[in-house]
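> Questions regarding the structure given below will be posed in turn.
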Amino acid sequence: MLHPSQTLHAHLAALTTPKLYNLLQPITVPTRLSRSSFTNWGRTFFCTPYAIFEPEDEDQCALVLELARREGRRVRFAGIGHSPSDLACTSEYMLRTTKLNKVLEVDVEKNFVLVQGGIVLDDLHERLATHNLAMSNLGSISSQTLAGVITTATHGSGVTFGVMSTMVLALTLMLADGSKVTCSALDRPDLFKASLCGLGATGLILSVKLKVEPAFRLREVQDTIDFDEFIEDFDDLASSAEHVRFWWFVQNGLVRTSAADRTRENANPAGSWLWHSFFGHHIVQLLLFLGRFWLRINTWTGLFSEWLIRGKSIGIDDSYRIFNVDCRYPQYTTEWAVPLVNARQCLLELRTWIVNEYADPSGVRPHFPIEIRTTEADDIWLSPGYGQRMCWIGLIQYKPYGFYVPYRRFFAAFERIAAQLGGKPHWAKTHTLGPTELRSMYPKFPDFVKVLEDVDPAGLFRNEYVRRHVFGEQGEDVDARVFKLRR
């Protein structure tokens with residue numbers, strides 16, 4: 001009796017190429033539609049793939065891979081496109097996963113769900129809530145697919161909480177040869193550890209078995225303190241609640257603290273009306289636009305924005321509503337994780353650099369805020385938190401109305417500081433590291449490459465990002481700016 005994968009291969013092999021084209025036609029995005037090109041959320045990278053497919057089931061995914069193998073083309077998986085880098089970009093085939101978004105199983109007693117990888121977190125929260133369940137930790141946004149979160153080791157905050165990939169119990173993948181495999185810590189553990197931060201290069205994530213918990217509310221206390229006090233008490237502040245994060249306004253040396261714990265109290269949302277009003281959104285964006293021409297205005301904008309949210313506040317709400325924040329406008333961003341023990345020094349060195357810039361009339365005038373979060377150590381091969389607790393430091397330069405703003409010198413200075421202190425870049429965000437540097441940062445990097453070579457020897461899933469950063473390829477077709485909107 002044939003194995004299901006052998007039956008599938010036999011079926012695909014029997015299809016003529018014209019028949020294959022006909023079967024794929026309903027899920028192929030017409031070139032006349034805007035969806036036939038791809039732009040990330042930050043409007044920093046753009047690509048026009050050779051073709052974009054939007055499959056609705058696993059059989060259609062298998063057809064896409066079969067066509068790619070026949071035509072010698074690579075396939076890149078993409079979700080919402082929230083990554084600020086060119087991680088999802090490709091000049092070849094793109095497989096959009098957003099229609100692979102079903103909840104397949106819910107187990108309330110054992111606290112897990114089985115869901116397709118293309119489900120968007122916003123939708124997953126709603127589905128979980130109907131079963132009185134919730135994810136244990138989240139990042140700042142939920143407009144991402146679950147597969148995208150997993151393959152980049154996206155994180156929330158909490159010194160005893162790992163990156164979000166640590167909540168995954170098992171994965172079902174479609175490999176480059178079209179076969180389906182399920183992996184976990186016990187079953188094909190190498191493939192599992194590689195895929196949990198696999199950059200979409202190990203296989204297409206068909207389904208995720210995800211650990212969840214009973215739905216909960218968070219009681220969040222926000223306050224504003226001086227940067228020197230923040231640095232002096234950093235260790236105590238970072239562990240003062242289950243989920244702690246900070247927003248540093250360098251314009252006046254103040255830090256907004258957020259400390260959130262689980263609670264049984266009734267919901268009582270908080271928030272600055274001014275920040276969420278016309279002033280906090282439209283006036284701030286106008287000032288950021290003007291700051292492109294007059295540097296001093298950027299400082300005033302930071303001061304104004306900090307004033308809008310100053311003061312102590314206490315809010316109680318469903319967990320995901322507290323975890324998530326409004327990211328406002330398209331932006332350039334960089335984020336590095338430094339060992340928690342080096343966080344103070346990194347922040348102090350960054351402040352020194354910024355102070356020197358303020359002393360120069362033509363120096364950098366950063367936007368706001370600098371976000372600071374923490375995570376627990378984990379054992380995921382390419383997770384920046386592999387083997388140690390980390391402090392994640394994120395910088396942004398907004399793009400008011402989508403216009404360009406300077407960012408490279410600011411980001412480069414921060415990245416030099418972070419790298420010298422053992423820092424590692426967030427995988428979803430732009431960086432310049434190649435295999436030599438990554439091998440020195442990640443003890444399991446050679447093992448990761450070996451898994452890729454084993455499960456995808458022909459490189460079907462290696463887009464320009466993977467070829468550049470993981471395999472060290474060079475040339476115009478894989479250049480770091482090949483998909484840049486502004487070169």
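The way I read the labels, and the way they are meant: chains A, B, ... in the order of the structure tokens, residue 1 as the first residue of every chain, and ligand 1 as the first ligand shown, with later ones counted on from there.
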Residues at most 12 Å from range 300-313 of chain A, counting only C-alpha atoms, excluding those fewer than 4 positions away in the same chain, as a ChimeraX atom specification?

/A:219-226,247-260,268-292,294-296,365-370,397-398

> Enumerate, in order of chain and increasing residue number, the residues of range 125-210 of chain A with an atom no farther than 12 Å from range 432-446 of chain A, each with its shortest atom pair and distance in Å to one decimal, counting only C-alpha atoms, as a tab-separated table.


residue	atom	partner	partner_atom	distance
A:Asp190	CA	A:Lys444	CA	10.3
A:Lys193	CA	A:Lys444	CA	9.7
A:Ala194	CA	A:Lys444	CA	9.0
A:Cys197	CA	A:Phe445	CA	11.3
A:Gly198	CA	A:Phe445	CA	10.9

> How about saving the chosen residues, N, CA and C atoms kept, as a PDB file, in the first residue's frame?


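Written out: selection.pdb:
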ATOM      1  N   ASP A 190      15.603  18.035  15.412  1.00  0.00           N
ATOM      2  CA  ASP A 190      16.472  18.981  14.717  1.00  0.00           C
ATOM      3  C   ASP A 190      15.672  19.867  13.763  1.00  0.00           C
ATOM      4  N   LYS A 193      13.679  22.376  15.979  1.00  0.00           N
ATOM      5  CA  LYS A 193      14.461  23.486  16.524  1.00  0.00           C
ATOM      6  C   LYS A 193      14.914  24.452  15.428  1.00  0.00           C
ATOM      7  N   ALA A 194      15.154  23.920  14.239  1.00  0.00           N
ATOM      8  CA  ALA A 194      15.540  24.784  13.126  1.00  0.00           C
ATOM      9  C   ALA A 194      14.364  25.601  12.615  1.00  0.00           C
ATOM     10  N   CYS A 197      12.740  29.107  14.446  1.00  0.00           N
ATOM     11  CA  CYS A 197      13.218  30.404  13.947  1.00  0.00           C
ATOM     12  C   CYS A 197      13.913  30.098  12.635  1.00  0.00           C
ATOM     13  N   GLY A 198      13.123  29.612  11.680  1.00  0.00           N
ATOM     14  CA  GLY A 198      13.682  29.069  10.450  1.00  0.00           C
ATOM     15  C   GLY A 198      13.672  30.000   9.269  1.00  0.00           C
TER      16      GLY A 198
END

> Do a neighbour search on range 36-50 of chain A at 8 Å with only C-alpha atoms, toss out local chain neighbours closer than 5 positions, and write the hits as a PDB file with all heavy atoms, in the first residue's frame.


ATOM      1  N   VAL A  29      -2.714  35.361  -8.624  1.00  0.00           N
ATOM      2  CA  VAL A  29      -3.145  36.758  -8.603  1.00  0.00           C
ATOM      3  C   VAL A  29      -2.893  37.376  -9.980  1.00  0.00           C
ATOM      4  O   VAL A  29      -1.751  37.384 -10.463  1.00  0.00           O
ATOM      5  CB  VAL A  29      -2.376  37.554  -7.525  1.00  0.00           C
ATOM      6  CG1 VAL A  29      -2.790  39.018  -7.546  1.00  0.00           C
ATOM      7  CG2 VAL A  29      -2.624  36.952  -6.147  1.00  0.00           C
ATOM      8  N   PRO A  30      -3.930  37.901 -10.630  1.00  0.00           N
ATOM      9  CA  PRO A  30      -3.742  38.521 -11.952  1.00  0.00           C
ATOM     10  C   PRO A  30      -2.777  39.699 -11.885  1.00  0.00           C
ATOM     11  O   PRO A  30      -2.787  40.477 -10.916  1.00  0.00           O
ATOM     12  CB  PRO A  30      -5.159  38.985 -12.327  1.00  0.00           C
ATOM     13  CG  PRO A  30      -6.080  38.111 -11.521  1.00  0.00           C
ATOM     14  CD  PRO A  30      -5.348  37.876 -10.229  1.00  0.00           C
ATOM     15  N   THR A  31      -1.954  39.845 -12.888  1.00  0.00           N
ATOM     16  CA  THR A  31      -0.936  40.905 -12.884  1.00  0.00           C
ATOM     17  C   THR A  31      -1.552  42.295 -12.930  1.00  0.00           C
ATOM     18  O   THR A  31      -0.888  43.274 -12.596  1.00  0.00           O
ATOM     19  CB  THR A  31       0.015  40.734 -14.081  1.00  0.00           C
ATOM     20  OG1 THR A  31      -0.748  40.691 -15.292  1.00  0.00           O
ATOM     21  CG2 THR A  31       0.812  39.444 -13.943  1.00  0.00           C
ATOM     22  N   ILE A  80       1.314  38.824   6.056  1.00  0.00           N
ATOM     23  CA  ILE A  80       0.848  40.212   6.006  1.00  0.00           C
ATOM     24  C   ILE A  80       1.932  41.141   5.478  1.00  0.00           C
ATOM     25  O   ILE A  80       1.658  42.169   4.873  1.00  0.00           O
ATOM     26  CB  ILE A  80       0.398  40.661   7.411  1.00  0.00           C
ATOM     27  CG1 ILE A  80      -0.797  39.806   7.870  1.00  0.00           C
ATOM     28  CG2 ILE A  80       0.031  42.137   7.431  1.00  0.00           C
ATOM     29  CD1 ILE A  80      -2.017  39.942   7.000  1.00  0.00           C
ATOM     30  N   GLY A  81       3.193  40.795   5.710  1.00  0.00           N
ATOM     31  CA  GLY A  81       4.291  41.651   5.257  1.00  0.00           C
ATOM     32  C   GLY A  81       4.689  42.695   6.270  1.00  0.00           C
ATOM     33  O   GLY A  81       5.099  43.797   5.907  1.00  0.00           O
ATOM     34  N   HIS A  82       4.575  42.351   7.562  1.00  0.00           N
ATOM     35  CA  HIS A  82       4.899  43.345   8.580  1.00  0.00           C
ATOM     36  C   HIS A  82       6.396  43.440   8.849  1.00  0.00           C
ATOM     37  O   HIS A  82       6.860  44.373   9.503  1.00  0.00           O
ATOM     38  CB  HIS A  82       4.168  43.037   9.892  1.00  0.00           C
ATOM     39  CG  HIS A  82       3.738  44.258  10.629  1.00  0.00           C
ATOM     40  ND1 HIS A  82       4.608  45.075  11.301  1.00  0.00           N
ATOM     41  CD2 HIS A  82       2.527  44.833  10.778  1.00  0.00           C
ATOM     42  CE1 HIS A  82       3.960  46.079  11.848  1.00  0.00           C
ATOM     43  NE2 HIS A  82       2.691  45.960  11.540  1.00  0.00           N
ATOM     44  N   SER A  83       7.178  42.499   8.365  1.00  0.00           N
ATOM     45  CA  SER A  83       8.621  42.555   8.599  1.00  0.00           C
ATOM     46  C   SER A  83       9.201  43.818   7.983  1.00  0.00           C
ATOM     47  O   SER A  83       8.955  44.126   6.821  1.00  0.00           O
ATOM     48  CB  SER A  83       9.295  41.335   7.977  1.00  0.00           C
ATOM     49  OG  SER A  83      10.698  41.488   8.015  1.00  0.00           O
ATOM     50  N   PRO A  84      10.004  44.572   8.751  1.00  0.00           N
ATOM     51  CA  PRO A  84      10.594  45.810   8.224  1.00  0.00           C
ATOM     52  C   PRO A  84      11.743  45.567   7.245  1.00  0.00           C
ATOM     53  O   PRO A  84      12.287  46.512   6.699  1.00  0.00           O
ATOM     54  CB  PRO A  84      11.118  46.508   9.490  1.00  0.00           C
ATOM     55  CG  PRO A  84      10.456  45.821  10.639  1.00  0.00           C
ATOM     56  CD  PRO A  84      10.239  44.410  10.189  1.00  0.00           C
ATOM     57  N   SER A  85      12.123  44.314   7.033  1.00  0.00           N
ATOM     58  CA  SER A  85      13.221  43.993   6.127  1.00  0.00           C
ATOM     59  C   SER A  85      12.679  43.400   4.833  1.00  0.00           C
ATOM     60  O   SER A  85      11.478  43.381   4.586  1.00  0.00           O
ATOM     61  CB  SER A  85      14.168  42.990   6.797  1.00  0.00           C
ATOM     62  OG  SER A  85      13.557  41.706   6.854  1.00  0.00           O
ATOM     63  N   ASP A  86      13.591  42.863   3.994  1.00  0.00           N
ATOM     64  CA  ASP A  86      13.173  42.205   2.760  1.00  0.00           C
ATOM     65  C   ASP A  86      13.052  40.697   2.960  1.00  0.00           C
ATOM     66  O   ASP A  86      13.126  39.930   1.993  1.00  0.00           O
ATOM     67  CB  ASP A  86      14.145  42.526   1.619  1.00  0.00           C
ATOM     68  CG  ASP A  86      15.548  41.971   1.855  1.00  0.00           C
ATOM     69  OD1 ASP A  86      15.908  41.739   3.022  1.00  0.00           O
ATOM     70  OD2 ASP A  86      16.281  41.770   0.874  1.00  0.00           O
ATOM     71  N   CYS A  89      10.535  39.183   0.658  1.00  0.00           N
ATOM     72  CA  CYS A  89      10.589  39.575  -0.751  1.00  0.00           C
ATOM     73  C   CYS A  89      11.200  38.483  -1.634  1.00  0.00           C
ATOM     74  O   CYS A  89      12.029  37.692  -1.187  1.00  0.00           O
ATOM     75  CB  CYS A  89      11.397  40.859  -0.905  1.00  0.00           C
ATOM     76  SG  CYS A  89      10.572  42.332  -0.259  1.00  0.00           S
ATOM     77  N   THR A  90      10.807  38.493  -2.883  1.00  0.00           N
ATOM     78  CA  THR A  90      11.357  37.554  -3.860  1.00  0.00           C
ATOM     79  C   THR A  90      11.108  38.082  -5.259  1.00  0.00           C
ATOM     80  O   THR A  90      10.153  38.827  -5.502  1.00  0.00           O
ATOM     81  CB  THR A  90      10.732  36.161  -3.716  1.00  0.00           C
ATOM     82  OG1 THR A  90      11.341  35.277  -4.660  1.00  0.00           O
ATOM     83  CG2 THR A  90       9.233  36.193  -3.985  1.00  0.00           C
ATOM     84  N   SER A  91      11.960  37.672  -6.182  1.00  0.00           N
ATOM     85  CA  SER A  91      11.743  37.978  -7.596  1.00  0.00           C
ATOM     86  C   SER A  91      11.136  36.777  -8.315  1.00  0.00           C
ATOM     87  O   SER A  91      10.872  36.849  -9.516  1.00  0.00           O
ATOM     88  CB  SER A  91      13.075  38.356  -8.261  1.00  0.00           C
ATOM     89  OG  SER A  91      14.003  37.282  -8.140  1.00  0.00           O
ATOM     90  N   GLU A  92      10.908  35.682  -7.582  1.00  0.00           N
ATOM     91  CA  GLU A  92      10.410  34.466  -8.209  1.00  0.00           C
ATOM     92  C   GLU A  92       8.964  34.191  -7.770  1.00  0.00           C
ATOM     93  O   GLU A  92       8.133  35.075  -7.854  1.00  0.00           O
ATOM     94  CB  GLU A  92      11.380  33.324  -7.910  1.00  0.00           C
ATOM     95  CG  GLU A  92      12.794  33.666  -8.437  1.00  0.00           C
ATOM     96  CD  GLU A  92      13.730  32.509  -8.508  1.00  0.00           C
ATOM     97  OE1 GLU A  92      13.334  31.459  -9.046  1.00  0.00           O
ATOM     98  OE2 GLU A  92      14.880  32.640  -8.027  1.00  0.00           O
ATOM     99  N   TYR A  93       8.647  33.025  -7.257  1.00  0.00           N
ATOM    100  CA  TYR A  93       7.275  32.731  -6.863  1.00  0.00           C
ATOM    101  C   TYR A  93       7.040  33.136  -5.408  1.00  0.00           C
ATOM    102  O   TYR A  93       7.872  32.859  -4.538  1.00  0.00           O
ATOM    103  CB  TYR A  93       6.975  31.237  -6.998  1.00  0.00           C
ATOM    104  CG  TYR A  93       6.788  30.744  -8.409  1.00  0.00           C
ATOM    105  CD1 TYR A  93       6.883  29.393  -8.708  1.00  0.00           C
ATOM    106  CD2 TYR A  93       6.488  31.626  -9.448  1.00  0.00           C
ATOM    107  CE1 TYR A  93       6.705  28.918 -10.002  1.00  0.00           C
ATOM    108  CE2 TYR A  93       6.305  31.171 -10.742  1.00  0.00           C
ATOM    109  CZ  TYR A  93       6.418  29.817 -11.009  1.00  0.00           C
ATOM    110  OH  TYR A  93       6.241  29.360 -12.292  1.00  0.00           O
ATOM    111  N   MET A  94       5.901  33.759  -5.156  1.00  0.00           N
ATOM    112  CA  MET A  94       5.490  34.075  -3.796  1.00  0.00           C
ATOM    113  C   MET A  94       4.207  33.306  -3.475  1.00  0.00           C
ATOM    114  O   MET A  94       3.255  33.307  -4.264  1.00  0.00           O
ATOM    115  CB  MET A  94       5.253  35.574  -3.608  1.00  0.00           C
ATOM    116  CG  MET A  94       4.726  35.955  -2.222  1.00  0.00           C
ATOM    117  SD  MET A  94       4.562  37.753  -1.979  1.00  0.00           S
ATOM    118  CE  MET A  94       6.288  38.209  -1.745  1.00  0.00           C
ATOM    119  N   TYR A 329       2.717  55.058  12.464  1.00  0.00           N
ATOM    120  CA  TYR A 329       2.993  55.344  11.063  1.00  0.00           C
ATOM    121  C   TYR A 329       4.031  54.368  10.505  1.00  0.00           C
ATOM    122  O   TYR A 329       4.792  53.761  11.260  1.00  0.00           O
ATOM    123  CB  TYR A 329       3.527  56.780  10.922  1.00  0.00           C
ATOM    124  CG  TYR A 329       2.954  57.753  11.910  1.00  0.00           C
ATOM    125  CD1 TYR A 329       3.706  58.230  12.984  1.00  0.00           C
ATOM    126  CD2 TYR A 329       1.631  58.188  11.795  1.00  0.00           C
ATOM    127  CE1 TYR A 329       3.168  59.112  13.905  1.00  0.00           C
ATOM    128  CE2 TYR A 329       1.086  59.069  12.714  1.00  0.00           C
ATOM    129  CZ  TYR A 329       1.862  59.530  13.773  1.00  0.00           C
ATOM    130  OH  TYR A 329       1.319  60.391  14.688  1.00  0.00           O
ATOM    131  N   PRO A 330       4.080  54.242   9.169  1.00  0.00           N
ATOM    132  CA  PRO A 330       5.179  53.475   8.581  1.00  0.00           C
ATOM    133  C   PRO A 330       6.512  53.997   9.115  1.00  0.00           C
ATOM    134  O   PRO A 330       6.642  55.189   9.432  1.00  0.00           O
ATOM    135  CB  PRO A 330       5.032  53.739   7.082  1.00  0.00           C
ATOM    136  CG  PRO A 330       3.576  54.041   6.911  1.00  0.00           C
ATOM    137  CD  PRO A 330       3.170  54.787   8.159  1.00  0.00           C
ATOM    138  N   GLN A 331       7.490  53.118   9.192  1.00  0.00           N
ATOM    139  CA  GLN A 331       8.720  53.496   9.884  1.00  0.00           C
ATOM    140  C   GLN A 331       9.909  52.655   9.448  1.00  0.00           C
ATOM    141  O   GLN A 331       9.760  51.524   8.981  1.00  0.00           O
ATOM    142  CB  GLN A 331       8.530  53.336  11.398  1.00  0.00           C
ATOM    143  CG  GLN A 331       8.100  51.940  11.784  1.00  0.00           C
ATOM    144  CD  GLN A 331       7.480  51.844  13.165  1.00  0.00           C
ATOM    145  OE1 GLN A 331       8.013  51.154  14.026  1.00  0.00           O
ATOM    146  NE2 GLN A 331       6.341  52.504  13.348  1.00  0.00           N
ATOM    147  N   TYR A 332      11.074  53.233   9.597  1.00  0.00           N
ATOM    148  CA  TYR A 332      12.313  52.472   9.573  1.00  0.00           C
ATOM    149  C   TYR A 332      12.564  52.016  11.008  1.00  0.00           C
ATOM    150  O   TYR A 332      12.300  52.765  11.955  1.00  0.00           O
ATOM    151  CB  TYR A 332      13.481  53.329   9.099  1.00  0.00           C
ATOM    152  CG  TYR A 332      13.323  53.899   7.710  1.00  0.00           C
ATOM    153  CD1 TYR A 332      13.017  55.241   7.507  1.00  0.00           C
ATOM    154  CD2 TYR A 332      13.500  53.076   6.596  1.00  0.00           C
ATOM    155  CE1 TYR A 332      12.884  55.759   6.230  1.00  0.00           C
ATOM    156  CE2 TYR A 332      13.364  53.594   5.306  1.00  0.00           C
ATOM    157  CZ  TYR A 332      13.054  54.932   5.134  1.00  0.00           C
ATOM    158  OH  TYR A 332      12.917  55.443   3.875  1.00  0.00           O
ATOM    159  N   GLY A 402       4.558  58.642   4.636  1.00  0.00           N
ATOM    160  CA  GLY A 402       5.304  57.746   3.765  1.00  0.00           C
ATOM    161  C   GLY A 402       6.608  58.311   3.227  1.00  0.00           C
ATOM    162  O   GLY A 402       7.311  57.641   2.464  1.00  0.00           O
ATOM    163  N   PHE A 483      15.616  45.221  -3.159  1.00  0.00           N
ATOM    164  CA  PHE A 483      14.178  45.449  -3.089  1.00  0.00           C
ATOM    165  C   PHE A 483      13.822  46.778  -2.419  1.00  0.00           C
ATOM    166  O   PHE A 483      12.668  46.995  -2.052  1.00  0.00           O
ATOM    167  CB  PHE A 483      13.496  44.313  -2.339  1.00  0.00           C
ATOM    168  CG  PHE A 483      13.630  42.965  -3.007  1.00  0.00           C
ATOM    169  CD1 PHE A 483      14.266  41.924  -2.372  1.00  0.00           C
ATOM    170  CD2 PHE A 483      13.138  42.771  -4.288  1.00  0.00           C
ATOM    171  CE1 PHE A 483      14.395  40.696  -2.980  1.00  0.00           C
ATOM    172  CE2 PHE A 483      13.259  41.548  -4.916  1.00  0.00           C
ATOM    173  CZ  PHE A 483      13.899  40.495  -4.263  1.00  0.00           C
ATOM    174  N   LYS A 484      14.810  47.650  -2.255  1.00  0.00           N
ATOM    175  CA  LYS A 484      14.550  48.919  -1.586  1.00  0.00           C
ATOM    176  C   LYS A 484      13.684  49.824  -2.452  1.00  0.00           C
ATOM    177  O   LYS A 484      13.936  49.984  -3.660  1.00  0.00           O
ATOM    178  CB  LYS A 484      15.867  49.632  -1.264  1.00  0.00           C
ATOM    179  CG  LYS A 484      16.400  49.400   0.128  1.00  0.00           C
ATOM    180  CD  LYS A 484      15.559  50.115   1.150  1.00  0.00           C
ATOM    181  CE  LYS A 484      16.158  50.004   2.543  1.00  0.00           C
ATOM    182  NZ  LYS A 484      15.322  50.689   3.536  1.00  0.00           N
ATOM    183  N   LEU A 485      12.696  50.459  -1.828  1.00  0.00           N
ATOM    184  CA  LEU A 485      11.872  51.427  -2.528  1.00  0.00           C
ATOM    185  C   LEU A 485      12.692  52.674  -2.858  1.00  0.00           C
ATOM    186  O   LEU A 485      12.511  53.318  -3.878  1.00  0.00           O
ATOM    187  CB  LEU A 485      10.662  51.810  -1.703  1.00  0.00           C
ATOM    188  CG  LEU A 485       9.451  50.868  -1.836  1.00  0.00           C
ATOM    189  CD1 LEU A 485       8.391  51.227  -0.816  1.00  0.00           C
ATOM    190  CD2 LEU A 485       8.863  50.951  -3.240  1.00  0.00           C
ATOM    191  N   ARG A 486      13.611  53.037  -1.928  1.00  0.00           N
ATOM    192  CA  ARG A 486      14.471  54.211  -2.143  1.00  0.00           C
ATOM    193  C   ARG A 486      15.904  53.739  -2.052  1.00  0.00           C
ATOM    194  O   ARG A 486      16.363  53.320  -1.001  1.00  0.00           O
ATOM    195  CB  ARG A 486      14.198  55.275  -1.079  1.00  0.00           C
ATOM    196  CG  ARG A 486      14.965  56.576  -1.275  1.00  0.00           C
ATOM    197  CD  ARG A 486      14.666  57.531  -0.134  1.00  0.00           C
ATOM    198  NE  ARG A 486      15.163  58.863  -0.377  1.00  0.00           N
ATOM    199  CZ  ARG A 486      16.400  59.266  -0.097  1.00  0.00           C
ATOM    200  NH1 ARG A 486      17.259  58.423   0.427  1.00  0.00           N
ATOM    201  NH2 ARG A 486      16.777  60.508  -0.331  1.00  0.00           N
TER     202      ARG A 486
END

> Which residue out of A:Gln144, A:Thr202, A:Asn22, A:Asn132 has the minimum interatomic distance to Ala215 in chain A when only C-alpha atoms are used?

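Closest to Ala215 in chain A of all the choices is A:Asn132.
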
> DSSP on the backbone, strand (DSSP E or B) only: what residues of range 326-445 of chain A does that give? Format it as a PyMOL selection string.

chain A and resi 331-339+370-375+378+386+390-398+424-425

> Within 10 Å of Trp353 in chain A, counting only C-alpha atoms, which residues qualify if same-chain residues fewer than 2 places away don't, as a short mmCIF file (atom, residue, chain, number, x, y, z; two decimals) with all heavy atoms, in the first residue's frame?


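Listing of around-v3.cif after writing:
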data_model
loop_
_atom_site.label_atom_id
_atom_site.label_comp_id
_atom_site.auth_asym_id
_atom_site.auth_seq_id
_atom_site.Cartn_x
_atom_site.Cartn_y
_atom_site.Cartn_z
N LEU A 347 22.63 50.83 27.02
CA LEU A 347 21.79 52.02 27.06
C LEU A 347 22.59 53.27 27.41
O LEU A 347 22.35 54.35 26.87
CB LEU A 347 20.66 51.80 28.06
CG LEU A 347 19.63 50.73 27.65
CD1 LEU A 347 18.75 50.34 28.83
CD2 LEU A 347 18.79 51.22 26.48
N LEU A 348 23.55 53.13 28.32
CA LEU A 348 24.38 54.27 28.70
C LEU A 348 25.26 54.72 27.53
O LEU A 348 25.43 55.92 27.29
CB LEU A 348 25.24 53.92 29.91
CG LEU A 348 24.51 53.86 31.25
CD1 LEU A 348 25.39 53.26 32.33
CD2 LEU A 348 24.02 55.25 31.66
N GLU A 349 25.83 53.77 26.81
CA GLU A 349 26.66 54.13 25.66
C GLU A 349 25.81 54.76 24.55
O GLU A 349 26.26 55.69 23.88
CB GLU A 349 27.40 52.90 25.14
CG GLU A 349 28.48 52.40 26.09
CD GLU A 349 29.35 51.31 25.48
OE1 GLU A 349 29.37 51.19 24.23
OE2 GLU A 349 30.01 50.59 26.25
N LEU A 350 24.60 54.27 24.38
CA LEU A 350 23.71 54.86 23.39
C LEU A 350 23.35 56.29 23.80
O LEU A 350 23.32 57.19 22.94
CB LEU A 350 22.45 54.01 23.24
CG LEU A 350 21.41 54.52 22.23
CD1 LEU A 350 22.02 54.67 20.84
CD2 LEU A 350 20.21 53.59 22.19
N ARG A 351 23.10 56.51 25.09
CA ARG A 351 22.78 57.87 25.53
C ARG A 351 23.96 58.80 25.27
O ARG A 351 23.77 59.94 24.81
CB ARG A 351 22.43 57.89 27.01
CG ARG A 351 22.09 59.32 27.47
CD ARG A 351 21.62 59.42 28.89
NE ARG A 351 22.67 59.13 29.86
CZ ARG A 351 22.56 59.38 31.16
NH1 ARG A 351 21.45 59.92 31.64
NH2 ARG A 351 23.54 59.08 31.99
N VAL A 355 23.70 62.21 23.13
CA VAL A 355 24.06 63.51 23.72
C VAL A 355 25.07 64.23 22.83
O VAL A 355 24.97 65.44 22.58
CB VAL A 355 24.60 63.33 25.14
CG1 VAL A 355 25.26 64.62 25.64
CG2 VAL A 355 23.49 62.91 26.10
N ASN A 356 26.04 63.50 22.32
CA ASN A 356 27.03 64.11 21.43
C ASN A 356 26.39 64.59 20.13
O ASN A 356 26.79 65.62 19.57
CB ASN A 356 28.14 63.10 21.11
CG ASN A 356 29.03 62.82 22.31
OD1 ASN A 356 29.13 63.64 23.22
ND2 ASN A 356 29.67 61.66 22.33
N GLU A 357 25.38 63.86 19.66
CA GLU A 357 24.68 64.29 18.45
C GLU A 357 23.90 65.59 18.71
O GLU A 357 23.87 66.47 17.85
CB GLU A 357 23.73 63.20 17.96
CG GLU A 357 24.43 62.00 17.36
CD GLU A 357 25.23 62.37 16.12
OE1 GLU A 357 24.64 62.93 15.17
OE2 GLU A 357 26.45 62.10 16.10
N TYR A 358 23.30 65.69 19.88
CA TYR A 358 22.57 66.91 20.22
C TYR A 358 23.50 68.12 20.34
O TYR A 358 23.09 69.26 20.13
CB TYR A 358 21.77 66.72 21.51
CG TYR A 358 20.38 66.17 21.29
CD1 TYR A 358 20.06 64.85 21.61
CD2 TYR A 358 19.37 66.97 20.76
CE1 TYR A 358 18.79 64.34 21.40
CE2 TYR A 358 18.10 66.47 20.55
CZ TYR A 358 17.82 65.16 20.87
OH TYR A 358 16.55 64.66 20.64
N VAL A 364 22.18 64.00 14.55
CA VAL A 364 20.93 63.24 14.49
C VAL A 364 19.96 63.72 15.56
O VAL A 364 20.35 63.97 16.70
CB VAL A 364 21.22 61.73 14.68
CG1 VAL A 364 19.93 60.94 14.85
CG2 VAL A 364 22.02 61.20 13.50
N PHE A 410 22.18 56.82 12.55
CA PHE A 410 21.65 56.55 13.88
C PHE A 410 21.63 55.04 14.14
O PHE A 410 22.13 54.55 15.15
CB PHE A 410 20.24 57.14 13.97
CG PHE A 410 19.55 56.97 15.29
CD1 PHE A 410 20.26 56.89 16.49
CD2 PHE A 410 18.16 56.91 15.34
CE1 PHE A 410 19.60 56.74 17.71
CE2 PHE A 410 17.50 56.76 16.54
CZ PHE A 410 18.22 56.67 17.72
N ALA A 413 25.19 53.43 14.37
CA ALA A 413 25.88 53.69 15.64
C ALA A 413 25.35 52.78 16.74
O ALA A 413 26.13 52.19 17.51
CB ALA A 413 25.70 55.16 16.03
N PHE A 414 24.03 52.65 16.81
CA PHE A 414 23.44 51.76 17.82
C PHE A 414 23.86 50.31 17.59
O PHE A 414 24.21 49.59 18.54
CB PHE A 414 21.91 51.87 17.77
CG PHE A 414 21.21 50.74 18.45
CD1 PHE A 414 21.31 50.55 19.82
CD2 PHE A 414 20.45 49.83 17.71
CE1 PHE A 414 20.67 49.48 20.45
CE2 PHE A 414 19.81 48.78 18.32
CZ PHE A 414 19.92 48.60 19.70
N ILE A 417 27.29 49.58 18.86
CA ILE A 417 27.31 49.48 20.32
C ILE A 417 26.77 48.13 20.77
O ILE A 417 27.36 47.43 21.59
CB ILE A 417 26.48 50.63 20.95
CG1 ILE A 417 27.15 51.98 20.68
CG2 ILE A 417 26.29 50.41 22.45
CD1 ILE A 417 26.28 53.17 21.03
#

> Can you work out the spacing between CA of Thr430 in chain A and CA of Thr151 in chain A in Å, to one decimal?

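Going from CA of Thr430 in chain A over to CA of Thr151 in chain A covers 15.2 Å.
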
> DSSP says helix (DSSP H, G or I) for which residues of range 155-264 of chain A? Put them as a list of chain:residue names?

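Answer for range 155-264 of chain A, restricted to helix (DSSP H, G or I): A:Met164, A:Ser165, A:Thr166, A:Met167, A:Pro189, A:Asp190, A:Leu191, A:Phe192, A:Lys193, A:Ala194, A:Ser195, A:Phe227, A:Asp228, A:Glu229, A:Phe230, A:Ile231, A:Glu232, A:Phe234, A:Asp235, A:Asp236, A:Leu237, A:Ala238.
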